[in-house]
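One file, query_21.txt, is given below (compact mmCIF, C-alpha atoms and all ligand atoms).
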```
# COMPACT_ATOMS: atom_id res chain seq x y z
CA MET A 1 0.00 0.00 0.00
CA ILE A 2 1.42 3.42 -0.96
CA LYS A 3 0.47 5.73 1.91
CA PRO A 4 -0.57 9.20 0.78
CA ALA A 5 0.73 12.19 2.75
CA ASP A 6 -1.33 13.25 5.76
CA ARG A 7 -1.59 16.74 4.26
CA THR A 8 -4.03 15.36 1.69
CA LEU A 9 -6.57 14.51 4.41
CA GLU A 10 -7.84 18.06 4.72
CA VAL A 11 -8.03 18.78 1.00
CA LYS A 12 -11.65 19.00 -0.12
CA TYR A 13 -13.29 20.60 -3.14
CA ALA A 14 -17.03 20.15 -2.74
CA ILE A 15 -17.81 21.65 -6.17
CA ARG A 16 -16.36 18.60 -7.89
CA ASP A 17 -16.56 16.11 -4.97
CA ILE A 18 -20.36 16.23 -5.31
CA LEU A 19 -20.17 14.70 -8.80
CA LYS A 20 -19.96 11.25 -7.22
CA TYR A 21 -23.65 11.56 -6.24
CA ALA A 22 -24.50 13.10 -9.61
CA ASN A 23 -23.02 10.07 -11.39
CA GLU A 24 -25.13 7.73 -9.25
CA ALA A 25 -28.23 9.67 -10.24
CA LYS A 26 -27.21 9.54 -13.90
CA GLU A 27 -26.69 5.78 -13.76
CA ALA A 28 -30.18 5.48 -12.24
CA GLY A 29 -31.50 7.14 -15.42
CA LEU A 30 -32.14 10.70 -14.21
CA LYS A 31 -31.55 13.67 -16.51
CA LEU A 32 -29.04 15.80 -14.61
CA LEU A 33 -29.27 19.58 -14.39
CA TYR A 34 -25.87 21.04 -13.45
CA LEU A 35 -26.03 24.10 -11.23
CA ASN A 36 -22.74 23.35 -9.51
CA ILE A 37 -19.76 24.43 -11.65
CA GLY A 38 -18.80 28.03 -12.39
CA ASP A 39 -17.64 27.32 -15.94
CA PRO A 40 -19.56 29.45 -18.47
CA MET A 41 -18.27 27.32 -21.36
CA ILE A 42 -20.56 24.41 -20.42
CA PHE A 43 -23.48 26.72 -21.25
CA ASP A 44 -24.43 29.21 -24.00
CA TYR A 45 -21.41 31.54 -23.84
CA GLN A 46 -18.76 31.86 -26.54
CA THR A 47 -15.09 32.81 -26.23
CA PRO A 48 -14.47 36.07 -28.16
CA ARG A 49 -13.04 34.99 -31.50
CA HIS A 50 -10.30 37.62 -31.63
CA MET A 51 -8.71 36.13 -28.51
CA ILE A 52 -8.50 32.68 -30.10
CA GLU A 53 -7.08 34.15 -33.30
CA ALA A 54 -4.38 36.00 -31.34
CA CYS A 55 -3.22 32.77 -29.67
CA TYR A 56 -3.28 30.88 -32.96
CA LYS A 57 -1.19 33.61 -34.56
CA ALA A 58 1.25 33.50 -31.61
CA MET A 59 1.74 29.78 -32.20
CA LEU A 60 2.23 30.24 -35.96
CA ASP A 61 4.76 32.98 -35.12
CA ASN A 62 6.68 30.39 -33.10
CA HIS A 63 5.91 31.81 -29.67
CA THR A 64 5.95 28.26 -28.40
CA GLY A 65 8.99 28.28 -26.14
CA TYR A 66 9.25 29.05 -22.44
CA ALA A 67 8.30 32.61 -21.59
CA ASN A 68 9.83 34.92 -18.99
CA SER A 69 8.77 33.66 -15.54
CA SER A 70 6.86 36.89 -14.85
CA GLY A 71 5.07 36.66 -18.19
CA VAL A 72 5.26 37.67 -21.85
CA GLN A 73 6.08 41.39 -22.10
CA GLU A 74 3.12 42.23 -24.34
CA ALA A 75 0.72 40.64 -21.82
CA ARG A 76 2.40 42.36 -18.87
CA ASP A 77 2.16 45.74 -20.62
CA ALA A 78 -1.56 45.22 -21.22
CA VAL A 79 -2.07 44.25 -17.56
CA ASP A 80 -0.10 47.33 -16.52
CA ARG A 81 -2.55 49.56 -18.43
CA GLU A 82 -5.53 47.57 -17.09
CA VAL A 83 -4.57 47.87 -13.42
CA ARG A 84 -3.94 51.61 -13.84
CA ARG A 85 -7.47 51.97 -15.23
CA LYS A 86 -8.65 50.41 -11.96
CA GLY A 87 -6.69 52.92 -9.94
CA ILE A 88 -3.89 50.56 -8.90
CA LYS A 89 -0.72 52.64 -9.14
CA ASN A 90 2.83 52.22 -7.94
CA TYR A 91 2.88 48.48 -7.87
CA HIS A 92 6.22 46.87 -7.11
CA ASP A 93 5.71 43.68 -9.06
CA LEU A 94 3.39 42.31 -11.74
CA PHE A 95 3.34 38.73 -12.95
CA ILE A 96 1.29 36.33 -15.08
CA THR A 97 0.27 32.98 -13.60
CA SER A 98 -1.53 29.80 -14.67
CA GLY A 99 -4.90 30.97 -13.42
CA VAL A 100 -5.68 32.79 -10.20
CA SER A 101 -5.45 29.27 -8.74
CA GLU A 102 -1.69 29.11 -9.28
CA CYS A 103 -1.33 32.66 -8.02
CA ILE A 104 -3.13 31.81 -4.75
CA GLU A 105 -1.00 28.73 -4.23
CA LEU A 106 2.26 30.43 -5.06
CA CYS A 107 1.68 33.64 -3.06
CA LEU A 108 0.37 31.81 0.02
CA SER A 109 3.30 29.36 -0.17
CA ALA A 110 5.73 32.28 -0.23
CA LEU A 111 4.11 33.68 2.94
CA ALA A 112 2.79 31.12 5.38
CA ASP A 113 4.81 28.81 7.60
CA PRO A 114 3.21 25.96 9.58
CA GLY A 115 1.24 27.47 12.44
CA ASP A 116 0.79 30.89 10.83
CA GLU A 117 -2.81 32.07 10.75
CA ILE A 118 -4.57 33.31 7.62
CA LEU A 119 -8.03 34.87 7.72
CA LEU A 120 -10.34 33.40 5.10
CA PRO A 121 -13.91 34.43 4.30
CA SER A 122 -16.64 32.08 5.44
CA PRO A 123 -18.34 31.28 3.17
CA GLY A 124 -15.50 31.41 0.66
CA TYR A 125 -13.80 29.69 -2.25
CA PRO A 126 -12.48 26.29 -1.08
CA LEU A 127 -9.08 26.42 -2.84
CA TYR A 128 -7.73 28.76 -0.12
CA THR A 129 -8.52 26.24 2.61
CA ALA A 130 -7.01 23.40 0.58
CA VAL A 131 -3.74 25.31 -0.01
CA LEU A 132 -3.41 26.24 3.67
CA ALA A 133 -4.01 22.62 4.66
CA LYS A 134 -1.15 21.65 2.37
CA LEU A 135 1.13 24.27 3.91
CA GLY A 136 0.21 23.31 7.49
CA ALA A 137 -0.87 26.92 8.09
CA LYS A 138 -4.02 27.63 10.07
CA HIS A 139 -7.17 28.70 8.29
CA VAL A 140 -9.13 31.12 10.50
CA PRO A 141 -12.62 31.80 9.11
CA TYR A 142 -14.10 35.29 9.34
CA TYR A 143 -17.80 35.60 8.66
CA LEU A 144 -19.60 37.30 5.83
CA ASP A 145 -22.83 38.73 7.21
CA GLU A 146 -25.96 37.38 5.54
CA GLU A 147 -28.04 40.10 7.25
CA ASN A 148 -25.87 42.75 5.61
CA ASP A 149 -25.82 41.59 1.98
CA TRP A 150 -22.99 39.18 2.81
CA GLU A 151 -20.40 41.92 3.49
CA PRO A 152 -17.43 40.92 5.66
CA ASP A 153 -18.18 41.27 9.38
CA ILE A 154 -15.45 43.72 10.38
CA ASP A 155 -15.92 43.13 14.12
CA ASP A 156 -15.53 39.42 13.59
CA ILE A 157 -12.29 39.99 11.66
CA ARG A 158 -11.00 42.23 14.44
CA ARG A 159 -11.82 39.62 17.10
CA LYS A 160 -9.95 36.94 15.19
CA ILE A 161 -6.65 38.76 14.64
CA THR A 162 -3.88 37.32 16.84
CA PRO A 163 -0.10 37.85 16.88
CA LYS A 164 0.14 34.87 14.49
CA THR A 165 -2.19 36.36 11.85
CA ARG A 166 -0.23 37.02 8.65
CA ALA A 167 -2.81 37.75 5.99
CA LEU A 168 -6.45 38.23 5.11
CA CYS A 169 -8.02 36.93 1.92
CA LEU A 170 -10.81 38.89 0.34
CA ILE A 171 -12.94 37.62 -2.53
CA ASN A 172 -14.71 40.62 -4.06
CA PRO A 173 -17.09 40.18 -5.87
CA ASN A 174 -17.66 37.02 -3.95
CA ASN A 175 -17.93 33.36 -4.72
CA PRO A 176 -20.19 31.77 -3.36
CA THR A 177 -22.51 34.63 -2.30
CA GLY A 178 -22.59 36.81 -5.45
CA SER A 179 -22.10 39.96 -3.35
CA ARG A 180 -19.94 43.02 -4.08
CA TYR A 181 -18.42 44.97 -1.20
CA SER A 182 -18.94 48.64 -0.37
CA LYS A 183 -16.13 51.19 -0.32
CA GLU A 184 -16.65 51.70 3.44
CA CYS A 185 -16.13 48.01 4.10
CA LEU A 186 -12.95 47.90 1.98
CA GLU A 187 -11.63 50.99 3.79
CA GLU A 188 -12.14 49.25 7.14
CA ILE A 189 -10.15 46.26 5.88
CA VAL A 190 -7.33 48.56 4.74
CA LYS A 191 -7.26 50.07 8.26
CA LEU A 192 -7.00 46.62 9.84
CA SER A 193 -4.21 45.67 7.45
CA LEU A 194 -2.23 48.77 8.40
CA GLU A 195 -2.83 48.37 12.14
CA HIS A 196 -1.81 44.70 12.20
CA ASP A 197 0.70 44.39 9.31
CA LEU A 198 -1.58 42.03 7.42
CA LEU A 199 -0.98 41.18 3.80
CA ILE A 200 -4.25 41.33 1.86
CA PHE A 201 -4.95 38.81 -0.90
CA ALA A 202 -7.57 40.49 -3.07
CA ASP A 203 -9.18 37.97 -5.42
CA GLU A 204 -11.05 40.17 -7.90
CA ILE A 205 -11.66 37.60 -10.64
CA TYR A 206 -15.39 38.56 -10.93
CA ASP A 207 -14.91 42.34 -10.90
CA LYS A 208 -16.26 42.93 -14.42
CA LEU A 209 -19.40 40.92 -13.74
CA VAL A 210 -21.31 43.43 -11.63
CA LEU A 211 -24.98 43.01 -12.55
CA ASP A 212 -26.39 46.12 -10.92
CA GLY A 213 -25.39 48.97 -8.62
CA PRO A 214 -21.96 50.57 -8.42
CA GLU A 215 -18.90 49.04 -10.09
CA SER A 216 -16.62 46.84 -8.01
CA ILE A 217 -13.71 48.68 -6.35
CA SER A 218 -10.17 47.26 -6.32
CA ILE A 219 -9.07 47.51 -2.71
CA ALA A 220 -5.51 48.40 -3.82
CA SER A 221 -6.88 51.62 -5.36
CA LEU A 222 -7.77 52.80 -1.83
CA SER A 223 -4.29 52.70 -0.28
CA ASP A 224 -0.67 53.18 -1.32
CA GLU A 225 0.56 51.82 2.02
CA ALA A 226 -1.35 48.62 2.77
CA PRO A 227 0.41 45.50 1.40
CA ILE A 228 -1.93 44.00 -1.18
CA ILE A 229 -1.70 41.25 -3.79
CA SER A 230 -4.44 42.05 -6.33
CA MET A 231 -5.36 39.02 -8.43
CA ASN A 232 -7.43 38.86 -11.57
CA GLY A 233 -7.61 36.79 -14.74
CA LEU A 234 -9.23 35.85 -18.02
CA SER A 235 -11.16 32.75 -16.89
CA LYS A 236 -14.56 34.18 -16.04
CA THR A 237 -14.96 37.62 -17.63
CA TYR A 238 -13.18 36.71 -20.86
CA LEU A 239 -14.75 33.26 -21.12
CA VAL A 240 -11.58 31.15 -21.23
CA PRO A 241 -11.31 29.19 -17.96
CA GLY A 242 -9.40 26.51 -19.87
CA PHE A 243 -6.66 28.94 -20.95
CA ARG A 244 -5.43 29.15 -17.34
CA ILE A 245 -4.21 32.75 -17.61
CA ALA A 246 -4.28 35.26 -14.74
CA TRP A 247 -2.13 37.96 -13.19
CA ALA A 248 -1.30 39.75 -9.97
CA THR A 249 0.21 43.01 -8.78
CA VAL A 250 1.92 43.68 -5.45
CA THR A 251 1.26 47.13 -3.97
CA GLY A 252 1.89 48.85 -0.64
CA ASN A 253 4.76 50.03 1.49
CA LYS A 254 7.78 48.78 -0.44
CA SER A 255 10.13 48.69 2.54
CA ILE A 256 8.15 45.85 4.12
CA LEU A 257 7.54 43.96 0.86
CA THR A 258 10.99 43.51 -0.69
CA ASP A 259 11.84 40.09 0.81
CA TYR A 260 8.36 38.74 0.20
CA ILE A 261 8.44 39.81 -3.47
CA GLU A 262 11.75 38.01 -3.94
CA ALA A 263 10.28 34.88 -2.30
CA VAL A 264 7.33 34.95 -4.72
CA ASN A 265 9.73 35.37 -7.62
CA LYS A 266 11.75 32.33 -6.52
CA PHE A 267 8.58 30.25 -6.91
CA LEU A 268 7.75 31.95 -10.21
CA ARG A 269 11.19 31.06 -11.58
CA ALA A 270 11.09 27.50 -10.24
CA ARG A 271 7.84 26.73 -12.09
CA LEU A 272 9.26 28.28 -15.32
CA CYS A 273 6.25 30.14 -16.78
CA ALA A 274 2.54 30.25 -17.57
CA VAL A 275 1.58 28.73 -20.97
CA THR A 276 3.32 30.97 -23.50
CA PRO A 277 1.01 31.22 -26.54
CA LEU A 278 -2.11 31.70 -24.44
CA GLN A 279 -0.59 34.77 -22.77
CA TYR A 280 -1.04 36.40 -26.19
CA ALA A 281 -4.80 36.48 -25.47
CA VAL A 282 -4.33 39.02 -22.66
CA GLN A 283 -3.78 42.18 -24.72
CA PRO A 284 -6.62 41.55 -27.22
CA ALA A 285 -8.90 40.55 -24.32
CA LEU A 286 -8.28 43.62 -22.19
CA GLU A 287 -8.01 46.12 -25.03
CA GLY A 288 -10.06 44.61 -27.87
CA PRO A 289 -13.86 44.59 -28.31
CA GLN A 290 -15.75 44.10 -25.03
CA ASP A 291 -19.19 43.30 -26.57
CA HIS A 292 -19.31 39.82 -25.07
CA LEU A 293 -19.35 41.35 -21.57
CA GLU A 294 -22.58 43.28 -22.12
CA ASP A 295 -24.22 40.19 -23.68
CA MET A 296 -23.07 38.04 -20.81
CA LYS A 297 -24.28 40.46 -18.15
CA ALA A 298 -27.68 40.81 -19.86
CA LYS A 299 -28.11 37.03 -19.79
CA LEU A 300 -26.88 36.82 -16.21
CA ARG A 301 -29.29 39.54 -15.03
CA ARG A 302 -32.28 37.58 -16.39
CA ARG A 303 -30.95 34.34 -14.91
CA ARG A 304 -30.19 35.98 -11.57
CA ASP A 305 -33.74 37.36 -11.41
CA ILE A 306 -35.26 33.93 -12.07
CA THR A 307 -32.98 32.37 -9.45
CA TYR A 308 -33.69 34.99 -6.81
CA GLU A 309 -37.45 34.96 -7.36
CA ARG A 310 -37.88 31.19 -7.60
CA LEU A 311 -35.72 30.50 -4.54
CA ASN A 312 -37.51 33.02 -2.36
CA ALA A 313 -40.87 31.58 -3.45
CA MET A 314 -39.88 28.12 -2.09
CA PRO A 315 -40.87 27.07 1.42
CA HIS A 316 -37.92 26.75 3.87
CA VAL A 317 -35.63 28.80 1.60
CA SER A 318 -34.50 32.45 1.65
CA CYS A 319 -31.95 34.10 -0.58
CA VAL A 320 -30.04 37.40 -0.51
CA ARG A 321 -30.14 39.04 -3.96
CA PRO A 322 -26.81 38.47 -5.76
CA THR A 323 -25.44 41.65 -7.35
CA ALA A 324 -22.38 40.23 -9.12
CA ALA A 325 -20.74 37.09 -10.54
CA PHE A 326 -23.04 34.11 -11.22
CA TYR A 327 -23.66 32.59 -7.81
CA ALA A 328 -26.48 32.56 -5.29
CA PHE A 329 -26.09 31.23 -1.75
CA PRO A 330 -29.63 30.57 -0.48
CA ARG A 331 -30.27 29.63 3.12
CA LEU A 332 -32.17 26.46 3.97
CA HIS A 333 -34.29 26.79 7.09
CA ILE A 334 -34.13 23.08 7.87
CA ASP A 335 -32.70 20.86 10.62
CA GLU A 336 -30.91 18.34 8.40
CA PRO A 337 -27.27 19.21 7.51
CA ASP A 338 -27.02 20.61 3.95
CA MET A 339 -24.64 17.84 2.83
CA GLY A 340 -27.29 15.15 3.45
CA PHE A 341 -30.01 17.33 1.95
CA VAL A 342 -28.01 17.85 -1.26
CA CYS A 343 -27.02 14.18 -1.68
CA ASN A 344 -30.63 13.05 -1.31
CA MET A 345 -31.92 15.81 -3.56
CA ILE A 346 -29.44 14.97 -6.31
CA ARG A 347 -30.37 11.27 -6.12
CA GLU A 348 -34.08 12.00 -6.32
CA THR A 349 -34.23 14.99 -8.69
CA GLY A 350 -30.97 15.09 -10.68
CA VAL A 351 -30.50 18.78 -9.75
CA VAL A 352 -26.81 19.20 -8.93
CA VAL A 353 -25.98 21.99 -6.46
CA VAL A 354 -23.21 22.25 -3.86
CA PRO A 355 -23.84 22.12 -0.09
CA GLY A 356 -22.97 25.30 1.82
CA ASP A 357 -20.73 23.21 4.04
CA GLY A 358 -18.25 23.02 1.13
CA PHE A 359 -17.66 26.79 1.41
CA GLY A 360 -17.89 27.27 5.17
CA GLN A 361 -20.86 28.83 6.96
CA LYS A 362 -21.90 29.92 10.45
CA GLU A 363 -22.40 27.05 12.88
CA GLY A 364 -25.99 25.80 12.75
CA THR A 365 -26.88 27.44 9.42
CA ARG A 366 -27.46 25.51 6.19
CA HIS A 367 -27.03 26.79 2.64
CA LEU A 368 -26.65 25.76 -0.98
CA ARG A 369 -24.52 27.28 -3.68
CA ILE A 370 -26.32 27.69 -6.95
CA VAL A 371 -24.63 28.63 -10.22
CA PHE A 372 -27.06 30.64 -12.37
CA LEU A 373 -25.07 30.42 -15.61
CA PRO A 374 -27.47 27.92 -17.30
CA GLN A 375 -30.16 28.88 -19.81
CA GLU A 376 -33.48 30.15 -18.41
CA GLU A 377 -35.40 26.95 -19.24
CA VAL A 378 -32.80 24.81 -17.44
CA LEU A 379 -33.02 27.04 -14.36
CA GLU A 380 -36.84 26.99 -14.40
CA GLU A 381 -36.86 23.19 -14.66
CA ALA A 382 -34.25 22.83 -11.89
CA PHE A 383 -36.14 25.14 -9.54
CA SER A 384 -39.43 23.34 -10.22
CA ARG A 385 -37.80 20.02 -9.32
CA MET A 386 -36.22 21.55 -6.20
CA GLU A 387 -39.48 23.11 -5.06
CA GLU A 388 -41.35 19.84 -5.56
CA TYR A 389 -38.65 17.97 -3.61
CA ILE A 390 -38.72 20.42 -0.70
CA THR A 391 -42.50 20.50 -0.52
CA LYS A 392 -42.70 16.71 -0.62
CA HIS A 393 -40.13 16.15 2.13
CA LEU A 394 -40.49 19.20 4.33
CA GLY A 395 -44.02 20.41 3.68
CA LYS A 396 -45.28 23.77 2.49
CA ALA A 397 -45.48 25.46 5.87
CA VAL A 398 -42.42 27.41 7.02
CA ALA A 399 -41.65 27.18 10.74
CA THR A 400 -41.90 30.60 12.41
C1 LIG A 501 -12.97 33.26 -6.20
C2 LIG A 501 -12.25 32.44 -7.21
N1 LIG A 501 -10.91 32.56 -7.31
C3 LIG A 501 -10.21 31.84 -8.20
C4 LIG A 501 -10.84 30.93 -9.04
C5 LIG A 501 -10.00 30.15 -10.01
O1 LIG A 501 -9.67 30.98 -11.08
P1 LIG A 501 -8.69 30.54 -12.26
O2 LIG A 501 -9.51 29.87 -13.31
O3 LIG A 501 -8.11 31.83 -12.75
O4 LIG A 501 -7.68 29.64 -11.66
C6 LIG A 501 -12.22 30.79 -8.99
C7 LIG A 501 -12.92 29.81 -9.84
O5 LIG A 501 -14.07 29.49 -9.69
C8 LIG A 501 -12.94 31.56 -8.04
O6 LIG A 501 -14.27 31.46 -7.93
```

What is this structure when it is put down as structure tokens?
Ligand SMILES: Cc1ncc(COP(=O)(O)O)c(C=O)c1O
Amino acid sequence: MIKPADRTLEVKYAIRDILKYANEAKEAGLKLLYLNIGDPMIFDYQTPRHMIEACYKAMLDNHTGYANSSGVQEARDAVDREVRRKGIKNYHDLFITSGVSECIELCLSALADPGDEILLPSPGYPLYTAVLAKLGAKHVPYYLDEENDWEPDIDDIRRKITPKTRALCLINPNNPTGSRYSKECLEEIVKLSLEHDLLIFADEIYDKLVLDGPESISIASLSDEAPIISMNGLSKTYLVPGFRIAWATVTGNKSILTDYIEAVNKFLRARLCAVTPLQYAVQPALEGPQDHLEDMKAKLRRRRDITYERLNAMPHVSCVRPTAAFYAFPRLHIDEPDMGFVCNMIRETGVVVVPGDGFGQKEGTRHLRIVFLPQEEVLEEAFSRMEEYITKHLGKAVAT
């Protein structure tokens, strides 16, 4: 028997782990409706053609060797102009990575030693927890407040800072709640970072998918002093999750960042580079036609409205209105843990959603994460099956 490392025990990724139950349902003959994976390309969205043509041309032009570890110059220049448009100035480093996923792994690995504490949003994106488990660092959840449109609970963050706290991760706009944070909230987080020397990881991968209300603010545009890694990428807003192309900038007080930046660069060099020809999609994406974004947001607004209305019309369910990205995180007012609820629901209805437990949630609460990327008729069918399932097993009446 080859014994796997103990560090694998804590690695979970509910979004894909749930597929085991989906496959059982499929084998039993059910037609599955997938509301679990945040990949637009499974649905009716199309990669902008000019991005594909740019990569094809790059390959024909023989840009098929290793690239600079920080990225192809043309891509880095385009990211430089992009981050300036967002108000991020005076960064000390900029690099291209294989998705925000690689960036998270690499930047956390360059920071956290075993026993160090990192504040992660709860609910939040599970990759952060998995990476910290691998590093032996401690994941300390801070709560997003469902009563306040899922904004970070600043008092809770303050209570959880200890001398071992090294960093705070912020996902704005958020997966899994679909919320976008206010300027006041981001300013409070900057203050905490400055008071406690916390590095901020700002995952802003959904920032161009704001469906209504004010645009999303990059936290690094609010401070020249706070140490911030701002991460973004092509996967979601430019409809190429399979390209695996993202980037990050490092901003803040340079005198405290120099050693850390060198540590990140050691990892960047050791892994050679992000995929070379696909980096040639960055400039045409960021500076070419943006029509696909308006089309995508128009579809998402309609799909968000259906999701929000249908969920809130179900007994035992309530849902905060998502304002960005393509996720809803409805609350289940039930006694059964959400994991069991979801497994049984998938088996009986074929509707695949992810239990809130996979993202973290307040003790005693139960949620689901729903991806509202699918076409309207798929969503309507999925919500009808869900409503029927809930009514059958839990009754129409809502406990008061
Ligand atoms: C908050 C968040 N960060 C990062 C990622 C991964 O992004 P990438 O495809 O750039 O690795 C996702 C994917 O769902 C995400 O939701």

Within 7 Å of ligand LIG 501 (chain A), counting all atoms listed in the file: which residues, as an mmCIF file with C-alpha atoms, keeping the file's coordinate frame?
```
data_model
loop_
_atom_site.group_PDB
_atom_site.id
_atom_site.type_symbol
_atom_site.label_atom_id
_atom_site.label_comp_id
_atom_site.auth_asym_id
_atom_site.auth_seq_id
_atom_site.Cartn_x
_atom_site.Cartn_y
_atom_site.Cartn_z
ATOM 1 C CA GLY A 38 -18.800 28.030 -12.390
ATOM 2 C CA SER A 98 -1.530 29.800 -14.670
ATOM 3 C CA GLY A 99 -4.900 30.970 -13.420
ATOM 4 C CA VAL A 100 -5.680 32.790 -10.200
ATOM 5 C CA SER A 101 -5.450 29.270 -8.740
ATOM 6 C CA GLU A 102 -1.690 29.110 -9.280
ATOM 7 C CA TYR A 125 -13.800 29.690 -2.250
ATOM 8 C CA ILE A 171 -12.940 37.620 -2.530
ATOM 9 C CA ASN A 174 -17.660 37.020 -3.950
ATOM 10 C CA ASN A 175 -17.930 33.360 -4.720
ATOM 11 C CA ASP A 203 -9.180 37.970 -5.420
ATOM 12 C CA ILE A 205 -11.660 37.600 -10.640
ATOM 13 C CA GLY A 233 -7.610 36.790 -14.740
ATOM 14 C CA LEU A 234 -9.230 35.850 -18.020
ATOM 15 C CA SER A 235 -11.160 32.750 -16.890
ATOM 16 C CA PRO A 241 -11.310 29.190 -17.960
ATOM 17 C CA ARG A 244 -5.430 29.150 -17.340
ATOM 18 C CA ILE A 245 -4.210 32.750 -17.610
ATOM 19 C CA ALA A 246 -4.280 35.260 -14.740
#
```

Report task. Have a look at atom CA of Arg76 of chain A and atom CA of Arg271 of chain A and let me know their distance in Å, one decimal. Result -> 17.9 Å

Query raised in the report: Between A:Ser69, A:Pro214, A:Ile157, A:Val11, which one has atoms that come closest to Gly136 of chain A, using only C-alpha atoms?
Result: A:Val11

Query raised in the report: Using only C-alpha atoms, which residues sit within 6 Å of segment 326-338 of chain A once same-chain residues fewer than 2 positions away are excluded, as a PyMOL selection string?
Result: chain A and resi 176-178+316-319+322+340-342+355+366-372

Requested in this report: May I have the residues within 12 Å of Pro141 of chain A as an NGL selection string, using all atoms listed in the file and disregarding those fewer than 3 positions away in the same chain?
Outcome: :A and (117-126 or 128-129 or 138 or 144 or 152-153 or 156-161 or 165 or 167-170 or 359-363)

Let me see the file: selected residues, C-alpha atoms, as a PDB file, keeping the file's coordinate frame.
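Written out: out-v6.pdb:
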```pdb
ATOM      1  CA  GLU A 117      -2.810  32.070  10.750  1.00  0.00           C
ATOM      2  CA  ILE A 118      -4.570  33.310   7.620  1.00  0.00           C
ATOM      3  CA  LEU A 119      -8.030  34.870   7.720  1.00  0.00           C
ATOM      4  CA  LEU A 120     -10.340  33.400   5.100  1.00  0.00           C
ATOM      5  CA  PRO A 121     -13.910  34.430   4.300  1.00  0.00           C
ATOM      6  CA  SER A 122     -16.640  32.080   5.440  1.00  0.00           C
ATOM      7  CA  PRO A 123     -18.340  31.280   3.170  1.00  0.00           C
ATOM      8  CA  GLY A 124     -15.500  31.410   0.660  1.00  0.00           C
ATOM      9  CA  TYR A 125     -13.800  29.690  -2.250  1.00  0.00           C
ATOM     10  CA  PRO A 126     -12.480  26.290  -1.080  1.00  0.00           C
ATOM     11  CA  TYR A 128      -7.730  28.760  -0.120  1.00  0.00           C
ATOM     12  CA  THR A 129      -8.520  26.240   2.610  1.00  0.00           C
ATOM     13  CA  LYS A 138      -4.020  27.630  10.070  1.00  0.00           C
ATOM     14  CA  LEU A 144     -19.600  37.300   5.830  1.00  0.00           C
ATOM     15  CA  PRO A 152     -17.430  40.920   5.660  1.00  0.00           C
ATOM     16  CA  ASP A 153     -18.180  41.270   9.380  1.00  0.00           C
ATOM     17  CA  ASP A 156     -15.530  39.420  13.590  1.00  0.00           C
ATOM     18  CA  ILE A 157     -12.290  39.990  11.660  1.00  0.00           C
ATOM     19  CA  ARG A 158     -11.000  42.230  14.440  1.00  0.00           C
ATOM     20  CA  ARG A 159     -11.820  39.620  17.100  1.00  0.00           C
ATOM     21  CA  LYS A 160      -9.950  36.940  15.190  1.00  0.00           C
ATOM     22  CA  ILE A 161      -6.650  38.760  14.640  1.00  0.00           C
ATOM     23  CA  THR A 165      -2.190  36.360  11.850  1.00  0.00           C
ATOM     24  CA  ALA A 167      -2.810  37.750   5.990  1.00  0.00           C
ATOM     25  CA  LEU A 168      -6.450  38.230   5.110  1.00  0.00           C
ATOM     26  CA  CYS A 169      -8.020  36.930   1.920  1.00  0.00           C
ATOM     27  CA  LEU A 170     -10.810  38.890   0.340  1.00  0.00           C
ATOM     28  CA  PHE A 359     -17.660  26.790   1.410  1.00  0.00           C
ATOM     29  CA  GLY A 360     -17.890  27.270   5.170  1.00  0.00           C
ATOM     30  CA  GLN A 361     -20.860  28.830   6.960  1.00  0.00           C
ATOM     31  CA  LYS A 362     -21.900  29.920  10.450  1.00  0.00           C
ATOM     32  CA  GLU A 363     -22.400  27.050  12.880  1.00  0.00           C
TER      33      GLU A 363
END
```

Requested in this report: Identify, on the basis of only C-alpha atoms, every residue whose closest approach to Lys208 of chain A does not exceed 8 Å; exclude the query and any residue fewer than 4 positions from it along the same chain; express the result as a list in words.
Outcome: Glu215, Ser216, Thr237 and Leu293 of chain A

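Nearest residue to Asn68 of chain A, choosing from A:Leu222, A:Leu30, A:Ala270, A:Leu194 and counting all atoms listed in the file: A:Ala270.
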
Query raised in the report: Excluding same-chain residues fewer than 5 positions from segment 60-67 of chain A, what lies within 8 Å of it counting only C-alpha atoms, as a list in words?
Result: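 Everything that qualifies: Val72, Leu272, Cys273, Ala274, Val275, Thr276 and Pro277 of chain A.
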
Requested in this report: Go ahead and compute the interatomic distance for atom CA of Ala75 of chain A and atom CA of Gln279 of chain A, in Å to one decimal.
Outcome: 6.1 Å

**Report entry** d(atom CA of Lys297 of chain A, atom CA of Cys185 of chain A) in Å
**Finding:**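 We find that atom CA of Lys297 of chain A and atom CA of Cys185 of chain A lie 24.9 Å from each other.
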
**Report entry** Point (3.9, 28.4, -4.0) neighbourhood (10 Å, all atoms listed in the file) written as a ChimeraX atom specification
**Finding:** /A:102-112,131,135,263-268,270-271

Query raised in the report: In terms of the shortest atom-to-atom distance over only C-alpha atoms, which of A:His196, A:Lys134, A:Lys299, A:Lys392 is closest to Pro163 of chain A?
Result: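 Going through A:His196, A:Lys134, A:Lys299, A:Lys392 one by one, the smallest distance to Pro163 of chain A is for A:His196.
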
Query raised in the report: Nearest to Leu198 of chain A among A:Asn312, A:Gln46, A:Thr97, A:Asn253, with distances taken over only C-alpha atoms: which residue is it?
Result: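 Comparing A:Asn312, A:Gln46, A:Thr97, A:Asn253 against Leu198 of chain A, the winner is A:Asn253.
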